[in-house]
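Colleague: Below is one structure. I have some questions about it.
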Amino acid sequence: MSRSRGGPDRPDVIVVGAGLAGLACAADLVGEGLDVQVLEASDAVGGRMHSDRVGGCVIDRGFQVFNTAYPQVRRRLNLRELRLRPFTPGVLVHTDRGRLRLADPTRARRACHGPSSPGPRDLAALALLAGRDALPPAGRIKHRRDRSTRAALAAAGFSEQFVERFFRPFLSGVFLEEDLETSSRVFHLVWRSMLRGTLCLPTAGIGAVPAQLAAGLPGSTIRLECPVEGLTDDGVLLGGGGEATAPIVVVATGPGPAADLLPGLTPSPYRAVTTYYHLCERPPLGEPTLLTDSGRRFLNTCVLSEVVPSYAPKGHGLVATSVLGDDTPGRERAVRSALAAAYEADTADTADWELLTVRTVPEALPVMLPGHALSRTSRVGHGRYVCGDHRTTGSVQGALASGTRAAREILADLHDGRV
């Protein structure tokens, strides 16, 4: 492909933000022979997918899971190099009558067991839902009638009791909302991906995913600690002063910064989540399984060191517990109390757990109500584009797909002489 209006002293394209969407967009443009500069405000790539080390533990920026079923994941990443460790294909639900275990019906002989296990009606509905979502192409699901997830579950034949005991606490952690108001199309697509793939974590932390994407770009492509304050007619205004110029600019940030840089852009509403990371001398659960709470005192909790042993020092347990919204005074104490019950007091004296860190992600997931657009154009003006999961769905797949679409539209506009 012939180069665009970029010259020897400036790139063809500036991408603002080195999250998944920006990295995917840059990779596709570089693959077509364009000179791309990615400007990232922080000291590392990844955006919300970032890992730190705290107290000898690997701490992801908020509780994360990695799904191997996403088409963009399979296209772009070497999964073997990530050294993935799986979660149990199922979930434990803490109830006032004990734990209920629900397994993936496609991978276990017994889908449910424990106190108040669902009856034949709900088991049949669960098997039917698995078949209807796992087997058809994703395109068919995208064209189904859209309504709330609660309405879709009722239409699928689930009892209100089972919805409240399992789906509501489980999906609250998936979509970061308590009322099952998320678009049913989004729910079915996410459910499909869970049935078809494996939920896991990279051995080095979730930050290994964007790090691998970044490693595939030419060495001079990404500039870290390079914030952008605004867009100009010729490129972008840098935070430290000066200007970086390019005929094409892609804003690949979260919705808030994107709206600041592109005043005509309507910011997407987002949901916040807070994750508490505790270190304990003995893991309170000896398996890599997600635990939810039917009382909804927390979204979910997991012993991450049972998923990836190297997440914590040998012999210790790293427990991640997420709640909706921000950290507030007294909330961590209430979470400890809820965890003592969920993990059973005789094996988990949570008062002795060390609080390593608290991570709040203000723009963790977009609000995706019925009618939510599964994909939107990246074009926002002449030579100006935007991408991110706020333009698609809140997932790794959504972010990567949005970056892919931005690159595709840029290449089409260059081919047609529109930029």
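Here, A, B, ... name the chains of the structure tokens in the order displayed, residue numbers run from 1 inside each chain, and ligands are numbered from 1 in the same displayed order.
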Among segment 91-312 of chain A, which ones does DSSP place in strand (DSSP E or B), written as a ChimeraX atom specification?
Modeller: /A:91-96,98-103,112-113,148,183,199-202,222-223,228-231,235-238,243-245,248-251,270-280,290-293,300-303
Colleague: For segment 310-312 of chain A, list every protein, DNA or RNA residue within 10 Å, evaluated using only C-alpha atoms, and leave out those in the same chain fewer than 6 positions away; present the list as an mmCIF file with C-alpha atoms, in the first residue's frame.
Modeller:
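And here is the file that came out, out.cif:
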```
data_model
loop_
_atom_site.group_PDB
_atom_site.id
_atom_site.type_symbol
_atom_site.label_atom_id
_atom_site.label_comp_id
_atom_site.auth_asym_id
_atom_site.auth_seq_id
_atom_site.Cartn_x
_atom_site.Cartn_y
_atom_site.Cartn_z
ATOM 1 C CA ARG A 53 3.809 -6.735 41.933
ATOM 2 C CA VAL A 54 2.764 -5.925 45.499
ATOM 3 C CA GLY A 55 4.103 -7.723 48.552
ATOM 4 C CA GLY A 56 5.505 -10.531 46.435
ATOM 5 C CA CYS A 57 2.152 -11.043 44.672
ATOM 6 C CA VAL A 58 0.960 -10.456 41.132
ATOM 7 C CA ILE A 59 -1.837 -7.896 41.283
ATOM 8 C CA ASP A 60 -3.977 -7.334 38.213
ATOM 9 C CA THR A 203 1.097 -17.073 34.459
ATOM 10 C CA ALA A 204 2.742 -13.635 34.421
ATOM 11 C CA GLY A 205 -0.523 -11.756 35.018
ATOM 12 C CA LEU A 279 -2.987 -12.315 51.460
ATOM 13 C CA CYS A 280 -3.559 -15.198 53.865
ATOM 14 C CA VAL A 303 -8.228 -17.634 45.434
ATOM 15 C CA LEU A 304 -6.061 -16.468 42.558
ATOM 16 C CA LEU A 318 -4.002 -14.526 47.335
ATOM 17 C CA VAL A 319 -7.727 -13.776 47.477
#
```
Colleague: Taking into account only C-alpha atoms, which residue in the set A:Arg83, A:Arg359, A:His316, A:Arg297 is nearest to Ala272 of chain A?
Modeller: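 Result for the nearest residue to Ala272 of chain A: A:Arg359.
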Colleague: For segment 129-204 of chain A against segment 394-397 of chain A, with a cut-off of 10 Å and counting only C-alpha atoms, what is the closest atom pair and its distance in Å to one decimal for every residue that makes the cut, ordered by chain and number, as JSON lines?
Modeller:
```
{"residue": "A:Val174", "atom": "CA", "partner": "A:Gly394", "partner_atom": "CA", "distance": 9.9}
{"residue": "A:Phe175", "atom": "CA", "partner": "A:Gly394", "partner_atom": "CA", "distance": 8.4}
{"residue": "A:Val186", "atom": "CA", "partner": "A:Gly394", "partner_atom": "CA", "distance": 9.2}
{"residue": "A:Val190", "atom": "CA", "partner": "A:Ser395", "partner_atom": "CA", "distance": 8.8}
{"residue": "A:Ser193", "atom": "CA", "partner": "A:Gln397", "partner_atom": "CA", "distance": 9.9}
```
Colleague: Hey, can you spit out that residue selection with C-alpha atoms as a CSV table (one decimal), in the first residue's frame?
Modeller:
```
chain,number,residue,atom,x,y,z
A,174,VAL,CA,-19.9,-10.4,34.6
A,175,PHE,CA,-21.8,-7.2,33.7
A,186,VAL,CA,-24.8,-9.3,24.8
A,190,VAL,CA,-20.9,-13.7,26.4
A,193,SER,CA,-18.0,-17.5,24.6
```
Colleague: Could you go through segment 63-283 of chain A and tell me which residues DSSP, when run on the backbone, assigns to helix (DSSP H, G or I), listing them as a count of residues only?
Modeller: 81
Colleague: Could you give me, as a Markdown table, every segment 54-108 of chain A residue with an atom at most 12 Å from segment 403-411 of chain A, plus its closest atom pair and distance in Å to one decimal, counting only C-alpha atoms, rows ordered by chain then number?
Modeller:
```
| residue | atom | partner | partner_atom | distance |
| --- | --- | --- | --- | --- |
| A:Pro71 | CA | A:Thr404 | CA | 11.8 |
| A:Gln72 | CA | A:Thr404 | CA | 8.9 |
| A:Val73 | CA | A:Thr404 | CA | 12.0 |
| A:Arg75 | CA | A:Thr404 | CA | 11.2 |
| A:Arg76 | CA | A:Thr404 | CA | 10.8 |
```
Colleague: Any idea what's packed within 12 Å of Leu285 of chain A, counting only C-alpha atoms, ignoring anything in its chain fewer than 5 positions away? Could you give it as a count of residues only?
Modeller: 24
Colleague: Atom CA of Tyr270 of chain A and atom CA of Pro362 of chain A are how many Å apart?
Modeller: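 Between these atoms lies a distance of 7.6 Å.
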Colleague: For segment 245-248 of chain A, please output as a ChimeraX atom specification all residues within 7 Å (counting only C-alpha atoms; exclusion window: fewer than 3 positions along the same chain).
Modeller: /A:5-6,10-14,234-236,383-384
Colleague: Nearest to Arg223 of chain A among A:Val250, A:Val36, A:Val335, A:Leu189, with distances taken over only C-alpha atoms: which residue is it?
Modeller: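 Nearest to Arg223 of chain A: A:Val36.
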Colleague: When you count only C-alpha atoms, which of these residues is closest to Gly216 of chain A: A:Val38, A:Ala26, A:Val419, A:Cys387?
Modeller: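 Of A:Val38, A:Ala26, A:Val419, A:Cys387, the one nearest Gly216 of chain A is A:Ala26, counting only C-alpha atoms.
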Colleague: Work out how far atom CA of Asn300 of chain A is from atom CA of Leu356 of chain A, in Å to one decimal.
Modeller: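 Computing the Euclidean distance for atom CA of Leu356 of chain A and atom CA of Asn300 of chain A yields 17.8 Å.
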Colleague: Write out as an MDAnalysis selection string each polymer residue whose atoms come within 10 Å of segment 123-139 of chain A, counting only C-alpha atoms; drop sequence neighbours fewer than 5 positions from it.
Modeller: chainID A and resid 104:106 110:112 117:118 144 153:159 162 187:197
Colleague: Separation of atom CA of Ser183 of chain A and atom CA of Ala151 of chain A, in Å?
Modeller: 9.8 Å
Colleague: Do you know which residues are at most 8 Å from Val367 of chain A counting only C-alpha atoms, after dropping those on the same chain fewer than 6 positions away, and could you put them as a ChimeraX atom specification?
Modeller: /A:182,268-271
Colleague: Keeping only N, CA and C atoms, write the selected residues to a file as a PDB file, in the first residue's frame.
Modeller:
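Saved to out.pdb:
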```pdb
ATOM      1  N   THR A 182     -28.867  -5.922  31.481  1.00  0.00           N
ATOM      2  CA  THR A 182     -27.993  -5.919  30.315  1.00  0.00           C
ATOM      3  C   THR A 182     -28.706  -6.523  29.102  1.00  0.00           C
ATOM      4  N   SER A 268     -19.841   7.264  26.636  1.00  0.00           N
ATOM      5  CA  SER A 268     -20.669   6.135  27.047  1.00  0.00           C
ATOM      6  C   SER A 268     -20.673   6.030  28.569  1.00  0.00           C
ATOM      7  N   PRO A 269     -21.828   5.756  29.161  1.00  0.00           N
ATOM      8  CA  PRO A 269     -21.846   5.535  30.620  1.00  0.00           C
ATOM      9  C   PRO A 269     -21.119   4.240  30.949  1.00  0.00           C
ATOM     10  N   TYR A 270     -20.396   4.253  32.056  1.00  0.00           N
ATOM     11  CA  TYR A 270     -19.605   3.095  32.478  1.00  0.00           C
ATOM     12  C   TYR A 270     -19.932   2.731  33.917  1.00  0.00           C
ATOM     13  N   ARG A 271     -19.593   1.511  34.272  1.00  0.00           N
ATOM     14  CA  ARG A 271     -19.773   1.039  35.635  1.00  0.00           C
ATOM     15  C   ARG A 271     -18.408   0.866  36.290  1.00  0.00           C
TER      16      ARG A 271
END
```
Colleague: Taking only C-alpha atoms into account, name the residue in A:Val15, A:Val323, A:Ala21, A:Leu414 that is nearest to Tyr277 of chain A.
Modeller: A:Val323
Colleague: What's around segment 226-231 of chain A at 9 Å? Count only C-alpha atoms, leave out sequence neighbours fewer than 4 positions away in its own chain, and write the answer as a VMD selection string.
Modeller: chain A and resid 16 to 17 39 to 43 235 to 240 249 260 to 262
